Protein chains: 2
Amino acid sequence: MEQESRLAGTVRPGGRTARVRSAVLEATQDELVKHGFHGLSMDAVAARAGVGKTTVYRRWGSAAGLVTGLMTELADQSASHADTGTIEGDLRANAAGVLAALRDERLSATFQAVIAAATCDEEAATALRAFYARRIDEWAKAVDLAVERGELPAGTDGRELIRAVSAPLYYRLVVTREPVDETVATLAATRALAAARAGAFVGEV
Amino acid sequence: MEQESRLAGTVRPGGRTARVRSAVLEATQDELVKHGFHGLSMDAVAARAGVGKTTVYRRWGSAAGLVTGLMTELADQSASHADTGTIEGDLRANAAGVLAALRDERLSATFQAVIAAATCDEEAATALRAFYARRIDEWAKAVDLAVERGELPAGTDGRELIRAVSAPLYYRLVVTREPVDETVATLAATRALAAARAGAFVGEV
DNA sequence: CCCTTAATGGGGCAGAGGTTCCGTTAAGGT
DNA sequence: ACCTTAACGGAACCTCTGCCCCATTAAGGG
């Protein structure tokens, strides 16, 4: 009759519980930087966080659960879109933000871990989708404003344009594993914008 | 004095050895489709291939070694670029080829596994880089021909243009985990081409 | 300040997965 | 056809991860 006790950490989330949470997530990132997702063990995370491994298991369940937790946390911290006054400035700001994230070794390791986890864990995949859906929706607003200002053709698909700016950066990082630097970021923004001005992002579907 | 015995399978590669190799690689793909890279065990692969797990361990060494072997095999099978007569046709053919690969569940699982493996294994990362470097170089020739025909501005960076066509597809598959279909493929080619015609791929670096 | 109980942590067990040993099979040369 | 030995396969070994039991600690409400 009694419902299963809900997830640990939800009834008394203050003090110790909060400290354990941040210690574990920090430790997870450190381990990811060192060994990647494939080498992530609950044991090592618990030891590094100075926490009992029982606790890690109980609250996160698995390695995939840990990186899903990290991704969920990042989703809550995601910043709002830039508003530099021109769509070129905004897209460059977007590209620069992605670049900064991918160059930060802890963030980069986290993204790559979630990507790896998502290939075999549905919750991780859902967290990934949610993170990017939110981020893309947020930045698409900058495109909508540019359309209103008359900088871009009416009907330009903001979400697709934002995807087009990020895609080359992630493609290089994750797929071809080529270096990702300022030049790549700037060119990504420039090229996406050129296509948008040519009307290639009008006429969705 | 005697050099370490070189990798098993190189001295007598015919008959049994070749059969074992293909059985194991086939089994690896099957397992990847089912469980992803994180769930790939040498044990399960050996059992499915009908081979002793000692053999799998000796020849491939680890799960990362297995997927690296798969990627190397794919690199040797990569097809040459299309030549439809127009750059638009060639880029669409390229996008369609990528789409077909990403929609094939065994190929898709293999790519995603190598991507996951590359985050913590240098050999897998090298195999990935080699595969895409080869593929991109091959297809860049189609762009060079288009430039010669006068279809695209002189100085257009063929490798970058080819990357720009693939990037949105991989981005959706791997990063945002959104669906990848014919529309996405066609749009990727169209948009990259629009930017190229606007000269956004001229002036490398 | 005290009480209830959510949440943690140590210790320990079971089982999966990787590693090694050594006998058996068959590739490839003569 | 025969011989050498590369390569394979069965089975035991062993580490390490995942999971549970129960005593201990400290949130958070009164």
# chains A, B, ... in the order shown; residues from 1 in each chain; ligands from 1
call {"tool": "closest_atom_pairs", "arguments": {"of": "chain D", "to": "chain B", "cutoff": "10 Å", "atoms": "only C-alpha atoms (C1' of nucleotides)", "output": "JSON lines"}}
result
{"residue": "D:DA6", "atom": "C1'", "partner": "B:Arg12", "partner_atom": "CA", "distance": 6.6}
{"residue": "D:DA7", "atom": "C1'", "partner": "B:Ala8", "partner_atom": "CA", "distance": 7.2}
{"residue": "D:DC8", "atom": "C1'", "partner": "B:Thr55", "partner_atom": "CA", "distance": 6.5}
{"residue": "D:DG9", "atom": "C1'", "partner": "B:Gly52", "partner_atom": "CA", "distance": 5.1}
{"residue": "D:DG10", "atom": "C1'", "partner": "B:Gly52", "partner_atom": "CA", "distance": 8.0}
call {"tool": "write_last_selection", "arguments": {"atoms": "all heavy atoms", "output": "compact mmCIF listing (two decimals), in the first residue's frame"}}
result
# COMPACT_ATOMS: atom_id res chain seq x y z
P DA D 6 55.15 -19.42 -34.22
OP1 DA D 6 56.37 -19.15 -35.01
OP2 DA D 6 55.12 -19.16 -32.77
O5' DA D 6 53.93 -18.66 -34.90
C5' DA D 6 53.71 -18.80 -36.29
C4' DA D 6 52.22 -18.78 -36.58
O4' DA D 6 51.61 -20.07 -36.27
C3' DA D 6 51.41 -17.75 -35.81
O3' DA D 6 50.40 -17.27 -36.68
C2' DA D 6 50.81 -18.55 -34.65
C1' DA D 6 50.61 -19.93 -35.27
N9 DA D 6 50.77 -21.06 -34.37
C8 DA D 6 51.78 -21.26 -33.47
N7 DA D 6 51.68 -22.41 -32.81
C5 DA D 6 50.53 -22.99 -33.32
C6 DA D 6 49.88 -24.21 -33.05
N6 DA D 6 50.31 -25.10 -32.17
N1 DA D 6 48.74 -24.47 -33.73
C2 DA D 6 48.32 -23.58 -34.64
N3 DA D 6 48.84 -22.40 -34.98
C4 DA D 6 49.96 -22.17 -34.28
P DA D 7 49.45 -16.02 -36.21
OP1 DA D 7 48.98 -15.34 -37.44
OP2 DA D 7 50.16 -15.26 -35.16
O5' DA D 7 48.21 -16.75 -35.53
C5' DA D 7 47.37 -17.57 -36.35
C4' DA D 7 46.40 -18.31 -35.47
O4' DA D 7 47.09 -19.34 -34.74
C3' DA D 7 45.68 -17.45 -34.43
O3' DA D 7 44.31 -17.36 -34.79
C2' DA D 7 45.91 -18.19 -33.10
C1' DA D 7 46.34 -19.59 -33.56
N9 DA D 7 47.20 -20.27 -32.60
C8 DA D 7 48.36 -19.79 -32.04
N7 DA D 7 48.93 -20.63 -31.21
C5 DA D 7 48.09 -21.73 -31.21
C6 DA D 7 48.13 -22.97 -30.53
N6 DA D 7 49.10 -23.30 -29.68
N1 DA D 7 47.14 -23.85 -30.77
C2 DA D 7 46.17 -23.50 -31.62
N3 DA D 7 46.02 -22.38 -32.32
C4 DA D 7 47.03 -21.52 -32.07
P DC D 8 43.19 -16.89 -33.77
OP1 DC D 8 42.08 -16.37 -34.60
OP2 DC D 8 43.81 -16.04 -32.74
O5' DC D 8 42.68 -18.25 -33.12
C5' DC D 8 42.19 -19.27 -33.96
C4' DC D 8 41.73 -20.45 -33.13
O4' DC D 8 42.85 -21.00 -32.40
C3' DC D 8 40.66 -20.12 -32.09
O3' DC D 8 39.58 -21.02 -32.25
C2' DC D 8 41.36 -20.28 -30.75
C1' DC D 8 42.45 -21.29 -31.08
N1 DC D 8 43.66 -21.16 -30.21
C2 DC D 8 44.06 -22.24 -29.41
O2 DC D 8 43.38 -23.27 -29.41
N3 DC D 8 45.16 -22.11 -28.63
C4 DC D 8 45.87 -20.98 -28.66
N4 DC D 8 46.95 -20.91 -27.90
C5 DC D 8 45.48 -19.87 -29.49
C6 DC D 8 44.39 -20.01 -30.24
P DG D 9 38.20 -20.71 -31.43
OP1 DG D 9 37.09 -21.25 -32.24
OP2 DG D 9 38.20 -19.30 -31.00
O5' DG D 9 38.36 -21.62 -30.13
C5' DG D 9 38.51 -23.02 -30.30
C4' DG D 9 38.46 -23.70 -28.95
O4' DG D 9 39.73 -23.55 -28.27
C3' DG D 9 37.41 -23.16 -27.98
O3' DG D 9 36.88 -24.25 -27.26
C2' DG D 9 38.21 -22.23 -27.07
C1' DG D 9 39.54 -22.96 -27.00
N9 DG D 9 40.70 -22.09 -26.77
C8 DG D 9 40.92 -20.84 -27.30
N7 DG D 9 42.06 -20.32 -26.95
C5 DG D 9 42.64 -21.27 -26.11
C6 DG D 9 43.87 -21.26 -25.43
O6 DG D 9 44.74 -20.38 -25.42
N1 DG D 9 44.07 -22.44 -24.69
C2 DG D 9 43.18 -23.49 -24.64
N2 DG D 9 43.52 -24.53 -23.89
N3 DG D 9 42.00 -23.51 -25.29
C4 DG D 9 41.81 -22.37 -26.00
P DG D 10 35.53 -24.08 -26.42
OP1 DG D 10 34.51 -24.90 -27.11
OP2 DG D 10 35.27 -22.65 -26.16
O5' DG D 10 35.90 -24.79 -25.04
C5' DG D 10 36.56 -26.04 -25.06
C4' DG D 10 37.19 -26.32 -23.70
O4' DG D 10 38.40 -25.54 -23.55
C3' DG D 10 36.29 -25.97 -22.51
O3' DG D 10 36.36 -27.03 -21.57
C2' DG D 10 36.88 -24.67 -21.96
C1' DG D 10 38.35 -24.81 -22.33
N9 DG D 10 39.03 -23.53 -22.58
C8 DG D 10 38.58 -22.50 -23.38
N7 DG D 10 39.41 -21.49 -23.43
C5 DG D 10 40.47 -21.88 -22.63
C6 DG D 10 41.68 -21.19 -22.32
O6 DG D 10 42.05 -20.09 -22.69
N1 DG D 10 42.48 -21.95 -21.46
C2 DG D 10 42.18 -23.20 -20.98
N2 DG D 10 43.08 -23.75 -20.17
N3 DG D 10 41.05 -23.85 -21.27
C4 DG D 10 40.26 -23.13 -22.10
call {"tool": "interface_residues", "arguments": {"of": "chain B", "to": "chain A", "cutoff": "6 Å", "atoms": "only C-alpha atoms", "output": "MDAnalysis selection string"}}
result
chainID B and resid 36 116 119:120 129 132 167:168 171 176 191 194:195 200
call {"tool": "closest_atom_pairs", "arguments": {"of": "chain C", "to": "chain A", "cutoff": "9 Å", "atoms": "only C-alpha atoms (C1' of nucleotides)", "output": "Markdown table"}}
result
| residue | atom | partner | partner_atom | distance |
| --- | --- | --- | --- | --- |
| C:DA6 | C1' | A:Arg12 | CA | 6.6 |
| C:DA7 | C1' | A:Ala8 | CA | 7.2 |
| C:DT8 | C1' | A:Thr55 | CA | 6.5 |
| C:DG9 | C1' | A:Gly52 | CA | 5.1 |
| C:DG10 | C1' | A:Gly52 | CA | 7.9 |
call {"tool": "residues_around", "arguments": {"residues": "Lys141 (chain B)", "least_positions_apart": "6", "cutoff": "9 Å", "atoms": "only C-alpha atoms (C1' of nucleotides)", "output": "JSON, numbers by chain"}}
result
{"B": [81, 158, 159]}
call {"tool": "atom_distance", "arguments": {"atom1": "CA of Thr110 (chain A)", "atom2": "CA of Gln77 (chain A)"}}
result
14.3 Å
call {"tool": "residues_around", "arguments": {"residues": "DG18 (chain C)", "least_positions_apart": "6", "cutoff": "12 Å", "atoms": "only C-alpha atoms (C1' of nucleotides)", "output": "list in words"}}
result
Ser41, Met42, Asp43, Lys53, Thr54, Val56, Tyr57, Arg58, Gly61, Ser62 and Ala63 of chain B; DC13, DC14, DT15 and DC16 of chain D
call {"tool": "write_last_selection", "arguments": {"atoms": "N, CA, C and O atoms (P, O5', C5', C4', C3', O3' and C1' of nucleotides)", "output": "mmCIF file, in the first residue's frame"}}
result
data_model
loop_
_atom_site.group_PDB
_atom_site.id
_atom_site.type_symbol
_atom_site.label_atom_id
_atom_site.label_comp_id
_atom_site.auth_asym_id
_atom_site.auth_seq_id
_atom_site.Cartn_x
_atom_site.Cartn_y
_atom_site.Cartn_z
ATOM 1 N N SER B 41 30.658 -6.507 -23.767
ATOM 2 C CA SER B 41 31.612 -7.332 -23.011
ATOM 3 C C SER B 41 32.269 -8.347 -23.935
ATOM 4 O O SER B 41 31.630 -8.925 -24.812
ATOM 5 N N MET B 42 33.538 -8.547 -23.711
ATOM 6 C CA MET B 42 34.312 -9.507 -24.514
ATOM 7 C C MET B 42 33.647 -10.880 -24.450
ATOM 8 O O MET B 42 33.619 -11.627 -25.425
ATOM 9 N N ASP B 43 33.177 -11.182 -23.275
ATOM 10 C CA ASP B 43 32.515 -12.451 -23.011
ATOM 11 C C ASP B 43 31.322 -12.672 -23.952
ATOM 12 O O ASP B 43 31.216 -13.689 -24.633
ATOM 13 N N LYS B 53 36.713 -16.930 -25.655
ATOM 14 C CA LYS B 53 36.924 -15.524 -25.292
ATOM 15 C C LYS B 53 38.408 -15.211 -25.167
ATOM 16 O O LYS B 53 38.804 -14.062 -25.312
ATOM 17 N N THR B 54 39.208 -16.236 -24.951
ATOM 18 C CA THR B 54 40.655 -16.024 -24.947
ATOM 19 C C THR B 54 41.101 -15.423 -26.276
ATOM 20 O O THR B 54 41.939 -14.527 -26.323
ATOM 21 N N VAL B 56 39.348 -13.653 -28.433
ATOM 22 C CA VAL B 56 38.931 -12.254 -28.574
ATOM 23 C C VAL B 56 39.880 -11.357 -27.788
ATOM 24 O O VAL B 56 40.334 -10.325 -28.288
ATOM 25 N N TYR B 57 40.173 -11.787 -26.577
ATOM 26 C CA TYR B 57 41.070 -10.974 -25.760
ATOM 27 C C TYR B 57 42.448 -10.850 -26.421
ATOM 28 O O TYR B 57 43.018 -9.769 -26.508
ATOM 29 N N ARG B 58 42.954 -11.966 -26.906
ATOM 30 C CA ARG B 58 44.302 -11.938 -27.477
ATOM 31 C C ARG B 58 44.373 -11.049 -28.716
ATOM 32 O O ARG B 58 45.328 -10.305 -28.909
ATOM 33 N N GLY B 61 42.110 -7.298 -27.465
ATOM 34 C CA GLY B 61 42.589 -6.703 -26.226
ATOM 35 C C GLY B 61 41.545 -6.095 -25.313
ATOM 36 O O GLY B 61 41.637 -6.203 -24.103
ATOM 37 N N SER B 62 40.548 -5.415 -25.883
ATOM 38 C CA SER B 62 39.556 -4.732 -25.056
ATOM 39 C C SER B 62 38.354 -4.370 -25.910
ATOM 40 O O SER B 62 38.385 -4.496 -27.135
ATOM 41 N N ALA B 63 37.330 -3.881 -25.258
ATOM 42 C CA ALA B 63 36.134 -3.438 -25.982
ATOM 43 C C ALA B 63 36.510 -2.317 -26.951
ATOM 44 O O ALA B 63 36.046 -2.287 -28.099
ATOM 45 P P DC D 13 41.562 -22.730 -9.680
ATOM 46 O "O5'" DC D 13 41.970 -21.215 -9.944
ATOM 47 C "C5'" DC D 13 43.159 -20.915 -10.671
ATOM 48 C "C4'" DC D 13 43.282 -19.408 -10.819
ATOM 49 C "C3'" DC D 13 42.970 -18.630 -9.526
ATOM 50 O "O3'" DC D 13 43.964 -17.631 -9.351
ATOM 51 C "C1'" DC D 13 41.654 -17.809 -11.302
ATOM 52 P P DC D 14 44.115 -16.905 -7.909
ATOM 53 O "O5'" DC D 14 44.356 -15.385 -8.312
ATOM 54 C "C5'" DC D 14 44.138 -14.950 -9.656
ATOM 55 C "C4'" DC D 14 43.306 -13.674 -9.677
ATOM 56 C "C3'" DC D 14 42.971 -13.101 -8.288
ATOM 57 O "O3'" DC D 14 43.113 -11.701 -8.363
ATOM 58 C "C1'" DC D 14 41.011 -13.351 -9.520
ATOM 59 P P DT D 15 43.574 -10.835 -7.084
ATOM 60 O "O5'" DT D 15 43.322 -9.328 -7.578
ATOM 61 C "C5'" DT D 15 43.436 -9.004 -8.963
ATOM 62 C "C4'" DT D 15 42.178 -8.332 -9.467
ATOM 63 C "C3'" DT D 15 41.631 -7.251 -8.522
ATOM 64 O "O3'" DT D 15 41.507 -6.044 -9.259
ATOM 65 C "C1'" DT D 15 39.894 -8.657 -9.296
ATOM 66 P P DC D 16 41.267 -4.643 -8.538
ATOM 67 O "O5'" DC D 16 40.241 -3.916 -9.536
ATOM 68 C "C5'" DC D 16 39.591 -4.697 -10.552
ATOM 69 C "C4'" DC D 16 38.080 -4.533 -10.447
ATOM 70 C "C3'" DC D 16 37.629 -3.401 -9.511
ATOM 71 O "O3'" DC D 16 36.605 -2.683 -10.188
ATOM 72 C "C1'" DC D 16 36.490 -5.370 -8.972
#
call {"tool": "atom_distance", "arguments": {"atom1": "CA of Gly155 (chain B)", "atom2": "CA of Ala75 (chain B)"}}
result
28.2 Å
call {"tool": "residues_around", "arguments": {"residues": "DA14 (chain C)", "least_positions_apart": "2", "cutoff": "10 Å", "atoms": "only C-alpha atoms (C1' of nucleotides)", "output": "list in words"}}
result
DA16 of chain C; DG18 and DC19 of chain D
call {"tool": "write_last_selection", "arguments": {"atoms": "C-alpha atoms (C1' of nucleotides)", "output": "short mmCIF file (atom, residue, chain, number, x, y, z; two decimals), in the first residue's frame"}}
result
data_model
loop_
_atom_site.label_atom_id
_atom_site.label_comp_id
_atom_site.auth_asym_id
_atom_site.auth_seq_id
_atom_site.Cartn_x
_atom_site.Cartn_y
_atom_site.Cartn_z
"C1'" DA C 16 30.09 -10.67 -13.80
"C1'" DG D 18 27.19 -3.75 -7.79
"C1'" DC D 19 24.26 -4.45 -4.00
#
call {"tool": "decode", "arguments": {"residues": "region 17-28 of chain A", "atoms": "all heavy atoms", "output": "mmCIF file, in the first residue's frame"}}
result
data_model
loop_
_atom_site.group_PDB
_atom_site.id
_atom_site.type_symbol
_atom_site.label_atom_id
_atom_site.label_comp_id
_atom_site.auth_asym_id
_atom_site.auth_seq_id
_atom_site.Cartn_x
_atom_site.Cartn_y
_atom_site.Cartn_z
ATOM 1 N N THR A 17 22.949 16.541 3.044
ATOM 2 C CA THR A 17 22.521 15.997 1.748
ATOM 3 C C THR A 17 23.015 16.860 0.593
ATOM 4 O O THR A 17 23.518 16.351 -0.411
ATOM 5 C CB THR A 17 20.987 15.895 1.715
ATOM 6 O OG1 THR A 17 20.594 14.950 2.708
ATOM 7 C CG2 THR A 17 20.503 15.438 0.362
ATOM 8 N N ALA A 18 22.903 18.175 0.752
ATOM 9 C CA ALA A 18 23.352 19.081 -0.306
ATOM 10 C C ALA A 18 24.862 18.998 -0.478
ATOM 11 O O ALA A 18 25.376 19.002 -1.606
ATOM 12 C CB ALA A 18 22.936 20.511 0.019
ATOM 13 N N ARG A 19 25.570 18.902 0.647
ATOM 14 C CA ARG A 19 27.033 18.800 0.563
ATOM 15 C C ARG A 19 27.442 17.518 -0.156
ATOM 16 O O ARG A 19 28.321 17.526 -1.016
ATOM 17 C CB ARG A 19 27.654 18.820 1.971
ATOM 18 C CG ARG A 19 27.829 20.193 2.574
ATOM 19 C CD ARG A 19 28.766 20.162 3.778
ATOM 20 N NE ARG A 19 28.330 19.240 4.827
ATOM 21 C CZ ARG A 19 27.417 19.506 5.740
ATOM 22 N NH1 ARG A 19 26.802 20.669 5.731
ATOM 23 N NH2 ARG A 19 27.089 18.615 6.656
ATOM 24 N N VAL A 20 26.799 16.424 0.199
ATOM 25 C CA VAL A 20 27.105 15.155 -0.453
ATOM 26 C C VAL A 20 26.842 15.261 -1.953
ATOM 27 O O VAL A 20 27.654 14.842 -2.771
ATOM 28 C CB VAL A 20 26.261 14.014 0.158
ATOM 29 C CG1 VAL A 20 26.292 12.782 -0.724
ATOM 30 C CG2 VAL A 20 26.771 13.688 1.549
ATOM 31 N N ARG A 21 25.727 15.857 -2.272
ATOM 32 C CA ARG A 21 25.379 15.994 -3.682
ATOM 33 C C ARG A 21 26.443 16.731 -4.478
ATOM 34 O O ARG A 21 26.926 16.256 -5.504
ATOM 35 C CB ARG A 21 24.043 16.741 -3.815
ATOM 36 C CG ARG A 21 23.643 17.026 -5.245
ATOM 37 C CD ARG A 21 22.330 17.812 -5.313
ATOM 38 N NE ARG A 21 22.140 18.392 -6.626
ATOM 39 C CZ ARG A 21 21.697 17.735 -7.690
ATOM 40 N NH1 ARG A 21 21.392 16.464 -7.567
ATOM 41 N NH2 ARG A 21 21.580 18.328 -8.850
ATOM 42 N N SER A 22 26.851 17.887 -3.998
ATOM 43 C CA SER A 22 27.834 18.646 -4.769
ATOM 44 C C SER A 22 29.188 17.960 -4.746
ATOM 45 O O SER A 22 29.905 17.959 -5.757
ATOM 46 C CB SER A 22 27.920 20.084 -4.270
ATOM 47 O OG SER A 22 28.435 20.119 -2.963
ATOM 48 N N ALA A 23 29.549 17.336 -3.634
ATOM 49 C CA ALA A 23 30.837 16.645 -3.578
ATOM 50 C C ALA A 23 30.883 15.507 -4.590
ATOM 51 O O ALA A 23 31.878 15.306 -5.288
ATOM 52 C CB ALA A 23 31.083 16.099 -2.163
ATOM 53 N N VAL A 24 29.783 14.778 -4.684
ATOM 54 C CA VAL A 24 29.743 13.639 -5.609
ATOM 55 C C VAL A 24 29.781 14.113 -7.058
ATOM 56 O O VAL A 24 30.515 13.567 -7.886
ATOM 57 C CB VAL A 24 28.493 12.774 -5.355
ATOM 58 C CG1 VAL A 24 28.287 11.770 -6.482
ATOM 59 C CG2 VAL A 24 28.623 12.057 -4.020
ATOM 60 N N LEU A 25 29.014 15.153 -7.373
ATOM 61 C CA LEU A 25 28.994 15.627 -8.761
ATOM 62 C C LEU A 25 30.350 16.218 -9.151
ATOM 63 O O LEU A 25 30.833 16.005 -10.268
ATOM 64 C CB LEU A 25 27.856 16.636 -8.958
ATOM 65 C CG LEU A 25 26.455 16.032 -8.826
ATOM 66 C CD1 LEU A 25 25.384 17.078 -9.092
ATOM 67 C CD2 LEU A 25 26.265 14.836 -9.757
ATOM 68 N N GLU A 26 30.979 16.927 -8.221
ATOM 69 C CA GLU A 26 32.325 17.436 -8.488
ATOM 70 C C GLU A 26 33.282 16.273 -8.762
ATOM 71 O O GLU A 26 34.051 16.282 -9.719
ATOM 72 C CB GLU A 26 32.847 18.211 -7.259
ATOM 73 C CG GLU A 26 32.221 19.567 -7.055
ATOM 74 C CD GLU A 26 32.757 20.594 -8.036
ATOM 75 O OE1 GLU A 26 33.980 20.691 -8.198
ATOM 76 O OE2 GLU A 26 31.930 21.301 -8.652
ATOM 77 N N ALA A 27 33.222 15.284 -7.883
ATOM 78 C CA ALA A 27 34.120 14.135 -8.023
ATOM 79 C C ALA A 27 33.868 13.416 -9.349
ATOM 80 O O ALA A 27 34.795 12.939 -10.001
ATOM 81 C CB ALA A 27 33.928 13.180 -6.852
ATOM 82 N N THR A 28 32.605 13.364 -9.736
ATOM 83 C CA THR A 28 32.273 12.704 -11.007
ATOM 84 C C THR A 28 32.959 13.420 -12.162
ATOM 85 O O THR A 28 33.553 12.782 -13.036
ATOM 86 C CB THR A 28 30.753 12.711 -11.226
ATOM 87 O OG1 THR A 28 30.129 12.010 -10.153
ATOM 88 C CG2 THR A 28 30.392 12.026 -12.532
#
